[in-house]
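Colleague: So that you have it, the file is coords37.pdb, and it contains PDB, C-alpha atoms:
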ATOM      1  CA  MET M   1      39.009 -64.300  93.852  1.00  0.00           C
ATOM      2  CA  ASP M   2      35.242 -63.883  93.947  1.00  0.00           C
ATOM      3  CA  ILE M   3      33.462 -65.832  96.700  1.00  0.00           C
ATOM      4  CA  LYS M   4      29.788 -66.231  95.895  1.00  0.00           C
ATOM      5  CA  GLN M   5      26.883 -67.056  98.158  1.00  0.00           C
ATOM      6  CA  GLY M   6      24.435 -69.812  97.294  1.00  0.00           C
ATOM      7  CA  ASP M   7      21.854 -71.820  99.179  1.00  0.00           C
ATOM      8  CA  ASN M   8      23.537 -72.698 102.479  1.00  0.00           C
ATOM      9  CA  ARG M   9      27.021 -72.350 101.047  1.00  0.00           C
ATOM     10  CA  PHE M  10      29.744 -70.025  99.883  1.00  0.00           C
ATOM     11  CA  TYR M  11      31.741 -71.025  96.842  1.00  0.00           C
ATOM     12  CA  ILE M  12      34.217 -70.158  94.108  1.00  0.00           C
ATOM     13  CA  ASP M  13      33.510 -71.350  90.627  1.00  0.00           C
ATOM     14  CA  GLU M  14      35.299 -71.232  87.332  1.00  0.00           C
ATOM     15  CA  GLY M  15      32.981 -71.682  84.409  1.00  0.00           C
ATOM     16  CA  SER M  16      30.840 -74.702  85.163  1.00  0.00           C
ATOM     17  CA  SER M  17      33.107 -76.241  87.797  1.00  0.00           C
ATOM     18  CA  PHE M  18      33.383 -75.555  91.506  1.00  0.00           C
ATOM     19  CA  LYS M  19      36.883 -74.741  92.705  1.00  0.00           C
ATOM     20  CA  ALA M  20      36.063 -74.320  96.384  1.00  0.00           C
ATOM     21  CA  GLU M  21      33.068 -74.416  98.683  1.00  0.00           C
ATOM     22  CA  ILE M  22      31.936 -74.474 102.269  1.00  0.00           C
ATOM     23  CA  THR M  23      28.483 -75.754 103.129  1.00  0.00           C
ATOM     24  CA  PHE M  24      26.355 -75.375 106.218  1.00  0.00           C
ATOM     25  CA  VAL M  25      22.986 -76.533 107.491  1.00  0.00           C
ATOM     26  CA  PRO M  26      20.786 -74.036 109.333  1.00  0.00           C
ATOM     27  CA  GLN M  27      19.381 -75.492 112.573  1.00  0.00           C
ATOM     28  CA  GLY M  28      17.430 -72.874 114.469  1.00  0.00           C
ATOM     29  CA  ASP M  29      19.879 -70.266 115.741  1.00  0.00           C
ATOM     30  CA  THR M  30      22.872 -72.335 114.584  1.00  0.00           C
ATOM     31  CA  LEU M  31      24.728 -72.869 111.307  1.00  0.00           C
ATOM     32  CA  VAL M  32      26.304 -76.318 111.193  1.00  0.00           C
ATOM     33  CA  ILE M  33      29.361 -76.235 108.918  1.00  0.00           C
ATOM     34  CA  ASP M  34      29.498 -79.740 107.475  1.00  0.00           C
ATOM     35  CA  HIS M  35      31.898 -79.556 104.520  1.00  0.00           C
ATOM     36  CA  THR M  36      34.844 -77.565 103.168  1.00  0.00           C
ATOM     37  CA  PHE M  37      36.493 -78.303  99.833  1.00  0.00           C
ATOM     38  CA  VAL M  38      39.286 -76.556  97.917  1.00  0.00           C
ATOM     39  CA  ASP M  39      40.501 -77.766  94.532  1.00  0.00           C
ATOM     40  CA  PRO M  40      44.210 -78.685  94.494  1.00  0.00           C
ATOM     41  CA  SER M  41      44.868 -75.791  92.082  1.00  0.00           C
ATOM     42  CA  LEU M  42      43.884 -73.300  94.814  1.00  0.00           C
ATOM     43  CA  ARG M  43      45.423 -74.972  97.848  1.00  0.00           C
ATOM     44  CA  GLY M  44      48.033 -73.110  99.858  1.00  0.00           C
ATOM     45  CA  GLN M  45      46.457 -69.723  99.103  1.00  0.00           C
ATOM     46  CA  GLY M  46      44.281 -69.395 102.209  1.00  0.00           C
ATOM     47  CA  VAL M  47      41.072 -70.035 100.296  1.00  0.00           C
ATOM     48  CA  ALA M  48      39.569 -72.425 102.850  1.00  0.00           C
ATOM     49  CA  LYS M  49      40.179 -69.890 105.642  1.00  0.00           C
ATOM     50  CA  GLN M  50      38.507 -67.202 103.536  1.00  0.00           C
ATOM     51  CA  LEU M  51      35.471 -69.455 103.167  1.00  0.00           C
ATOM     52  CA  VAL M  52      35.283 -70.013 106.928  1.00  0.00           C
ATOM     53  CA  ASP M  53      35.594 -66.258 107.428  1.00  0.00           C
ATOM     54  CA  ARG M  54      32.640 -65.675 105.093  1.00  0.00           C
ATOM     55  CA  VAL M  55      30.445 -68.050 107.110  1.00  0.00           C
ATOM     56  CA  VAL M  56      31.565 -66.327 110.321  1.00  0.00           C
ATOM     57  CA  ALA M  57      30.623 -62.916 108.873  1.00  0.00           C
ATOM     58  CA  TYR M  58      27.288 -64.305 107.717  1.00  0.00           C
ATOM     59  CA  ALA M  59      26.598 -65.789 111.173  1.00  0.00           C
ATOM     60  CA  ARG M  60      27.301 -62.434 112.798  1.00  0.00           C
ATOM     61  CA  GLN M  61      25.038 -60.664 110.315  1.00  0.00           C
ATOM     62  CA  GLU M  62      22.224 -63.137 110.966  1.00  0.00           C
ATOM     63  CA  ASN M  63      22.849 -63.285 114.748  1.00  0.00           C
ATOM     64  CA  LYS M  64      23.588 -67.025 114.635  1.00  0.00           C
ATOM     65  CA  LYS M  65      26.132 -69.349 116.212  1.00  0.00           C
ATOM     66  CA  ILE M  66      28.307 -71.832 114.311  1.00  0.00           C
ATOM     67  CA  LEU M  67      28.762 -75.493 115.132  1.00  0.00           C
ATOM     68  CA  PRO M  68      31.659 -76.725 112.979  1.00  0.00           C
ATOM     69  CA  VAL M  69      31.448 -80.480 112.384  1.00  0.00           C
ATOM     70  CA  CYS M  70      33.780 -80.253 109.381  1.00  0.00           C
ATOM     71  CA  SER M  71      37.239 -81.009 110.770  1.00  0.00           C
ATOM     72  CA  TYR M  72      38.907 -78.102 108.943  1.00  0.00           C
ATOM     73  CA  ALA M  73      36.382 -75.513 110.112  1.00  0.00           C
ATOM     74  CA  MET M  74      36.538 -76.916 113.643  1.00  0.00           C
ATOM     75  CA  ILE M  75      40.335 -76.540 113.842  1.00  0.00           C
ATOM     76  CA  VAL M  76      40.299 -73.046 112.332  1.00  0.00           C
ATOM     77  CA  MET M  77      37.586 -71.781 114.637  1.00  0.00           C
ATOM     78  CA  GLU M  78      39.111 -73.319 117.763  1.00  0.00           C
ATOM     79  CA  ARG M  79      42.477 -71.690 117.032  1.00  0.00           C
ATOM     80  CA  ASP M  80      41.183 -68.285 115.884  1.00  0.00           C
ATOM     81  CA  LEU M  81      40.037 -66.381 118.963  1.00  0.00           C
ATOM     82  CA  SER M  82      38.325 -63.775 116.787  1.00  0.00           C
ATOM     83  CA  THR M  83      35.676 -66.364 115.833  1.00  0.00           C
ATOM     84  CA  HIS M  84      34.828 -67.464 119.358  1.00  0.00           C
ATOM     85  CA  ASP M  85      31.925 -65.012 119.619  1.00  0.00           C
ATOM     86  CA  VAL M  86      29.979 -67.159 117.125  1.00  0.00           C
ATOM     87  CA  LEU M  87      31.462 -70.561 118.018  1.00  0.00           C
ATOM     88  CA  LYS M  88      28.881 -72.826 119.613  1.00  0.00           C
ATOM     89  CA  ARG M  89      30.387 -75.074 122.229  1.00  0.00           C
TER      90      ARG M  89
END
Reformat the file's structure so that it appears as structure tokens.

Modeller:
Amino acid sequence: MDIKQGDNRFYIDEGSSFKAEITFVPQGDTLVIDHTFVDPSLRGQGVAKQLVDRVVAYARQENKKILPVCSYAMIVMERDLSTHDVLKR
């Protein structure tokens, strides 16, 4: 599955439709994750976690922190200790 990067988001598309996406808003040294969506056809395959992981990798690359306001991203990042280096509290 090919995760693409767009303006303030990572996404998976199929033709002209989006199948999954995670969006964030840059605010200074912070990326605010505000939305995660996965089409029902892709659910249960770990796609949403992969999207969070891509934002985490991007934050590390850009030397930024992440403030997850999206409930899914918040839960994932709180539980996954490997993301705590970029988690803004």

Colleague: Could you please determine the separation between atom CA of Asn63 of chain M and atom CA of Val38 of chain M in Å, to one decimal place?

Modeller: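 Computed distance, atom CA of Asn63 of chain M to atom CA of Val38 of chain M, equals 27.0 Å.
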
Colleague: M:Ser17, M:Thr83, M:Asn8, M:Thr23: which is nearest Lys65 of chain M, counting all atoms listed in the file?

Modeller: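 The closest residue to Lys65 of chain M is M:Thr83.
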
Colleague: Identify which of the residues M:Thr36, M:Gln50, M:Ser82, M:Thr30 lies closest to Asp2 of chain M, counting all atoms listed in the file when measuring atom-to-atom distances.

Modeller: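 Between M:Thr36, M:Gln50, M:Ser82, M:Thr30, the residue approaching Asp2 of chain M most closely is M:Gln50.
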
Colleague: I'd like the residues picked by the PyMOL selection byres ((chain M and resi 57) around 12) written out as a PyMOL selection string, using the chain letters and numbers from the file.

Modeller: chain M and resi 10+31+50-56+58-66+82-83+85-87

Colleague: So which one's closest to Asp7 of chain M, M:Ala48, M:Leu81, M:Cys70, M:Ile22? Using all atoms listed in the file, please.

Modeller: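 Nearest to Asp7 of chain M: M:Ile22.
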
Colleague: Closest to Ile12 of chain M among M:Leu67, M:His84, M:Asp39, M:Gly46, using all atoms listed in the file?

Modeller: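 Closest to Ile12 of chain M, using all atoms listed in the file: M:Asp39.
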
Colleague: So how many Å separate atom CA of Ser71 of chain M and atom CA of Gly6 of chain M, to one decimal?

Modeller: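 Straight-line distance from atom CA of Ser71 of chain M to atom CA of Gly6 of chain M works out to 21.7 Å.
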
Colleague: Run the PyMOL selection byres ((chain M and resi 19) around 9) mentally over the shown coordinates, then write out the matched residues as a PyMOL selection string, using the chain letters and numbers from the document.

Modeller: chain M and resi 11-14+17-18+20-21+37-42

Colleague: Just to confirm, what's the straight-line distance from atom CA of Lys49 of chain M to atom CA of Gly28 of chain M in Å (one decimal)?

Modeller: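 Spanning atom CA of Lys49 of chain M to atom CA of Gly28 of chain M is a straight-line distance of 24.6 Å.
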
Colleague: If we count only C-alpha atoms and set the cut-off at 8 Å, which residues sit around Phe24 of chain M, ignoring sequence neighbours fewer than 3 positions away in its own chain? Please answer as number ranges by chain.

Modeller: M: 8-9, 31-35

Colleague: Where's the centre, and what are the edge lengths in Å to one decimal, of a box along x, y and z enclosing all listed atoms of segment 34-40 of chain M padded 4 Å per side, as lines of an AutoDock Vina configuration file?

Modeller:
center_x = 36.9
center_y = -78.1
center_z = 101.0
size_x = 22.7
size_y = 11.2
size_z = 21.0

Colleague: Using only C-alpha atoms, which of M:Ile3, M:Val47, M:Val69, M:Val25 sits nearest Lys88 of chain M?

Modeller: M:Val69

Colleague: Using only C-alpha atoms for the distances, tell me which of M:Arg89, M:Arg43, M:Asp80, M:Lys4 is nearest to Pro68 of chain M.

Modeller: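 Checking each of M:Arg89, M:Arg43, M:Asp80, M:Lys4 against Pro68 of chain M, counting only C-alpha atoms, the winner is M:Arg89.
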
Colleague: Take segment 57-88 of chain M from the block and save it with N, CA, C and O atoms, as a PDB file, in the first residue's frame.

Modeller:
ATOM      1  N   ALA M  57       7.440   9.895  11.848  1.00  0.00           N
ATOM      2  CA  ALA M  57       8.711   9.922  11.115  1.00  0.00           C
ATOM      3  C   ALA M  57       8.969  11.308  10.535  1.00  0.00           C
ATOM      4  O   ALA M  57      10.095  11.815  10.583  1.00  0.00           O
ATOM      5  N   TYR M  58       7.924  11.909  10.007  1.00  0.00           N
ATOM      6  CA  TYR M  58       8.043  13.260   9.439  1.00  0.00           C
ATOM      7  C   TYR M  58       8.402  14.269  10.530  1.00  0.00           C
ATOM      8  O   TYR M  58       9.271  15.134  10.326  1.00  0.00           O
ATOM      9  N   ALA M  59       7.779  14.163  11.691  1.00  0.00           N
ATOM     10  CA  ALA M  59       8.073  15.068  12.808  1.00  0.00           C
ATOM     11  C   ALA M  59       9.534  14.928  13.236  1.00  0.00           C
ATOM     12  O   ALA M  59      10.208  15.937  13.499  1.00  0.00           O
ATOM     13  N   ARG M  60      10.012  13.723  13.303  1.00  0.00           N
ATOM     14  CA  ARG M  60      11.422  13.504  13.663  1.00  0.00           C
ATOM     15  C   ARG M  60      12.352  14.126  12.626  1.00  0.00           C
ATOM     16  O   ARG M  60      13.334  14.765  12.964  1.00  0.00           O
ATOM     17  N   GLN M  61      12.020  13.927  11.374  1.00  0.00           N
ATOM     18  CA  GLN M  61      12.831  14.467  10.271  1.00  0.00           C
ATOM     19  C   GLN M  61      12.878  15.992  10.328  1.00  0.00           C
ATOM     20  O   GLN M  61      13.915  16.597  10.072  1.00  0.00           O
ATOM     21  N   GLU M  62      11.755  16.597  10.669  1.00  0.00           N
ATOM     22  CA  GLU M  62      11.648  18.057  10.689  1.00  0.00           C
ATOM     23  C   GLU M  62      11.940  18.658  12.066  1.00  0.00           C
ATOM     24  O   GLU M  62      11.796  19.861  12.258  1.00  0.00           O
ATOM     25  N   ASN M  63      12.314  17.802  13.030  1.00  0.00           N
ATOM     26  CA  ASN M  63      12.603  18.238  14.399  1.00  0.00           C
ATOM     27  C   ASN M  63      11.405  18.969  15.020  1.00  0.00           C
ATOM     28  O   ASN M  63      11.535  20.071  15.550  1.00  0.00           O
ATOM     29  N   LYS M  64      10.240  18.339  14.930  1.00  0.00           N
ATOM     30  CA  LYS M  64       8.999  18.904  15.454  1.00  0.00           C
ATOM     31  C   LYS M  64       8.397  17.965  16.491  1.00  0.00           C
ATOM     32  O   LYS M  64       8.733  16.793  16.559  1.00  0.00           O
ATOM     33  N   LYS M  65       7.497  18.498  17.282  1.00  0.00           N
ATOM     34  CA  LYS M  65       6.708  17.719  18.230  1.00  0.00           C
ATOM     35  C   LYS M  65       5.326  17.504  17.624  1.00  0.00           C
ATOM     36  O   LYS M  65       4.925  18.212  16.693  1.00  0.00           O
ATOM     37  N   ILE M  66       4.574  16.567  18.193  1.00  0.00           N
ATOM     38  CA  ILE M  66       3.214  16.287  17.727  1.00  0.00           C
ATOM     39  C   ILE M  66       2.246  16.467  18.885  1.00  0.00           C
ATOM     40  O   ILE M  66       2.446  15.926  19.963  1.00  0.00           O
ATOM     41  N   LEU M  67       1.192  17.222  18.612  1.00  0.00           N
ATOM     42  CA  LEU M  67       0.077  17.356  19.542  1.00  0.00           C
ATOM     43  C   LEU M  67      -1.118  16.671  18.884  1.00  0.00           C
ATOM     44  O   LEU M  67      -1.709  17.209  17.948  1.00  0.00           O
ATOM     45  N   PRO M  68      -1.465  15.466  19.322  1.00  0.00           N
ATOM     46  CA  PRO M  68      -2.590  14.763  18.698  1.00  0.00           C
ATOM     47  C   PRO M  68      -3.926  15.203  19.322  1.00  0.00           C
ATOM     48  O   PRO M  68      -4.173  14.937  20.496  1.00  0.00           O
ATOM     49  N   VAL M  69      -4.750  15.876  18.560  1.00  0.00           N
ATOM     50  CA  VAL M  69      -6.094  16.212  19.037  1.00  0.00           C
ATOM     51  C   VAL M  69      -7.123  15.248  18.454  1.00  0.00           C
ATOM     52  O   VAL M  69      -8.221  15.141  18.969  1.00  0.00           O
ATOM     53  N   CYS M  70      -6.750  14.536  17.418  1.00  0.00           N
ATOM     54  CA  CYS M  70      -7.574  13.447  16.876  1.00  0.00           C
ATOM     55  C   CYS M  70      -7.549  12.322  17.908  1.00  0.00           C
ATOM     56  O   CYS M  70      -6.481  11.920  18.386  1.00  0.00           O
ATOM     57  N   SER M  71      -8.708  11.824  18.280  1.00  0.00           N
ATOM     58  CA  SER M  71      -8.788  10.821  19.345  1.00  0.00           C
ATOM     59  C   SER M  71      -7.997   9.553  19.013  1.00  0.00           C
ATOM     60  O   SER M  71      -7.345   8.984  19.887  1.00  0.00           O
ATOM     61  N   TYR M  72      -8.022   9.110  17.765  1.00  0.00           N
ATOM     62  CA  TYR M  72      -7.278   7.902  17.401  1.00  0.00           C
ATOM     63  C   TYR M  72      -5.778   8.125  17.577  1.00  0.00           C
ATOM     64  O   TYR M  72      -5.093   7.328  18.221  1.00  0.00           O
ATOM     65  N   ALA M  73      -5.268   9.203  17.003  1.00  0.00           N
ATOM     66  CA  ALA M  73      -3.834   9.481  17.101  1.00  0.00           C
ATOM     67  C   ALA M  73      -3.406   9.664  18.552  1.00  0.00           C
ATOM     68  O   ALA M  73      -2.326   9.226  18.954  1.00  0.00           O
ATOM     69  N   MET M  74      -4.259  10.283  19.354  1.00  0.00           N
ATOM     70  CA  MET M  74      -3.951  10.501  20.762  1.00  0.00           C
ATOM     71  C   MET M  74      -3.777   9.165  21.489  1.00  0.00           C
ATOM     72  O   MET M  74      -2.806   8.954  22.220  1.00  0.00           O
ATOM     73  N   ILE M  75      -4.708   8.245  21.287  1.00  0.00           N
ATOM     74  CA  ILE M  75      -4.648   6.934  21.942  1.00  0.00           C
ATOM     75  C   ILE M  75      -3.409   6.164  21.489  1.00  0.00           C
ATOM     76  O   ILE M  75      -2.680   5.604  22.306  1.00  0.00           O
ATOM     77  N   VAL M  76      -3.164   6.150  20.193  1.00  0.00           N
ATOM     78  CA  VAL M  76      -2.013   5.416  19.654  1.00  0.00           C
ATOM     79  C   VAL M  76      -0.714   5.965  20.226  1.00  0.00           C
ATOM     80  O   VAL M  76       0.148   5.211  20.681  1.00  0.00           O
ATOM     81  N   MET M  77      -0.572   7.266  20.226  1.00  0.00           N
ATOM     82  CA  MET M  77       0.681   7.857  20.683  1.00  0.00           C
ATOM     83  C   MET M  77       0.866   7.727  22.193  1.00  0.00           C
ATOM     84  O   MET M  77       1.987   7.562  22.663  1.00  0.00           O
ATOM     85  N   GLU M  78      -0.206   7.785  22.947  1.00  0.00           N
ATOM     86  CA  GLU M  78      -0.090   7.603  24.399  1.00  0.00           C
ATOM     87  C   GLU M  78       0.356   6.179  24.737  1.00  0.00           C
ATOM     88  O   GLU M  78       1.163   5.977  25.635  1.00  0.00           O
ATOM     89  N   ARG M  79      -0.147   5.211  23.998  1.00  0.00           N
ATOM     90  CA  ARG M  79       0.149   3.802  24.279  1.00  0.00           C
ATOM     91  C   ARG M  79       1.503   3.347  23.737  1.00  0.00           C
ATOM     92  O   ARG M  79       2.111   2.426  24.276  1.00  0.00           O
ATOM     93  N   ASP M  80       1.958   3.952  22.654  1.00  0.00           N
ATOM     94  CA  ASP M  80       3.191   3.530  21.985  1.00  0.00           C
ATOM     95  C   ASP M  80       4.375   4.344  22.505  1.00  0.00           C
ATOM     96  O   ASP M  80       4.596   5.478  22.089  1.00  0.00           O
ATOM     97  N   LEU M  81       5.137   3.746  23.399  1.00  0.00           N
ATOM     98  CA  LEU M  81       6.263   4.451  24.019  1.00  0.00           C
ATOM     99  C   LEU M  81       7.295   4.930  23.005  1.00  0.00           C
ATOM    100  O   LEU M  81       7.995   5.907  23.249  1.00  0.00           O
ATOM    101  N   SER M  82       7.373   4.278  21.865  1.00  0.00           N
ATOM    102  CA  SER M  82       8.364   4.664  20.857  1.00  0.00           C
ATOM    103  C   SER M  82       8.046   6.012  20.212  1.00  0.00           C
ATOM    104  O   SER M  82       8.891   6.571  19.522  1.00  0.00           O
ATOM    105  N   THR M  83       6.852   6.540  20.440  1.00  0.00           N
ATOM    106  CA  THR M  83       6.491   7.850  19.869  1.00  0.00           C
ATOM    107  C   THR M  83       6.630   8.987  20.877  1.00  0.00           C
ATOM    108  O   THR M  83       6.476  10.145  20.512  1.00  0.00           O
ATOM    109  N   HIS M  84       6.931   8.658  22.112  1.00  0.00           N
ATOM    110  CA  HIS M  84       6.934   9.674  23.159  1.00  0.00           C
ATOM    111  C   HIS M  84       8.009  10.742  22.986  1.00  0.00           C
ATOM    112  O   HIS M  84       7.892  11.825  23.538  1.00  0.00           O
ATOM    113  N   ASP M  85       9.043  10.469  22.180  1.00  0.00           N
ATOM    114  CA  ASP M  85      10.060  11.480  21.947  1.00  0.00           C
ATOM    115  C   ASP M  85       9.522  12.676  21.159  1.00  0.00           C
ATOM    116  O   ASP M  85      10.050  13.777  21.261  1.00  0.00           O
ATOM    117  N   VAL M  86       8.443  12.474  20.391  1.00  0.00           N
ATOM    118  CA  VAL M  86       7.863  13.578  19.626  1.00  0.00           C
ATOM    119  C   VAL M  86       6.494  14.000  20.160  1.00  0.00           C
ATOM    120  O   VAL M  86       5.901  14.964  19.651  1.00  0.00           O
ATOM    121  N   LEU M  87       6.003  13.311  21.167  1.00  0.00           N
ATOM    122  CA  LEU M  87       4.684  13.627  21.737  1.00  0.00           C
ATOM    123  C   LEU M  87       4.778  14.871  22.599  1.00  0.00           C
ATOM    124  O   LEU M  87       5.552  14.933  23.552  1.00  0.00           O
ATOM    125  N   LYS M  88       3.987  15.864  22.247  1.00  0.00           N
ATOM    126  CA  LYS M  88       3.936  17.103  23.041  1.00  0.00           C
ATOM    127  C   LYS M  88       2.883  16.939  24.118  1.00  0.00           C
ATOM    128  O   LYS M  88       1.756  16.599  23.842  1.00  0.00           O
TER     129      LYS M  88
END
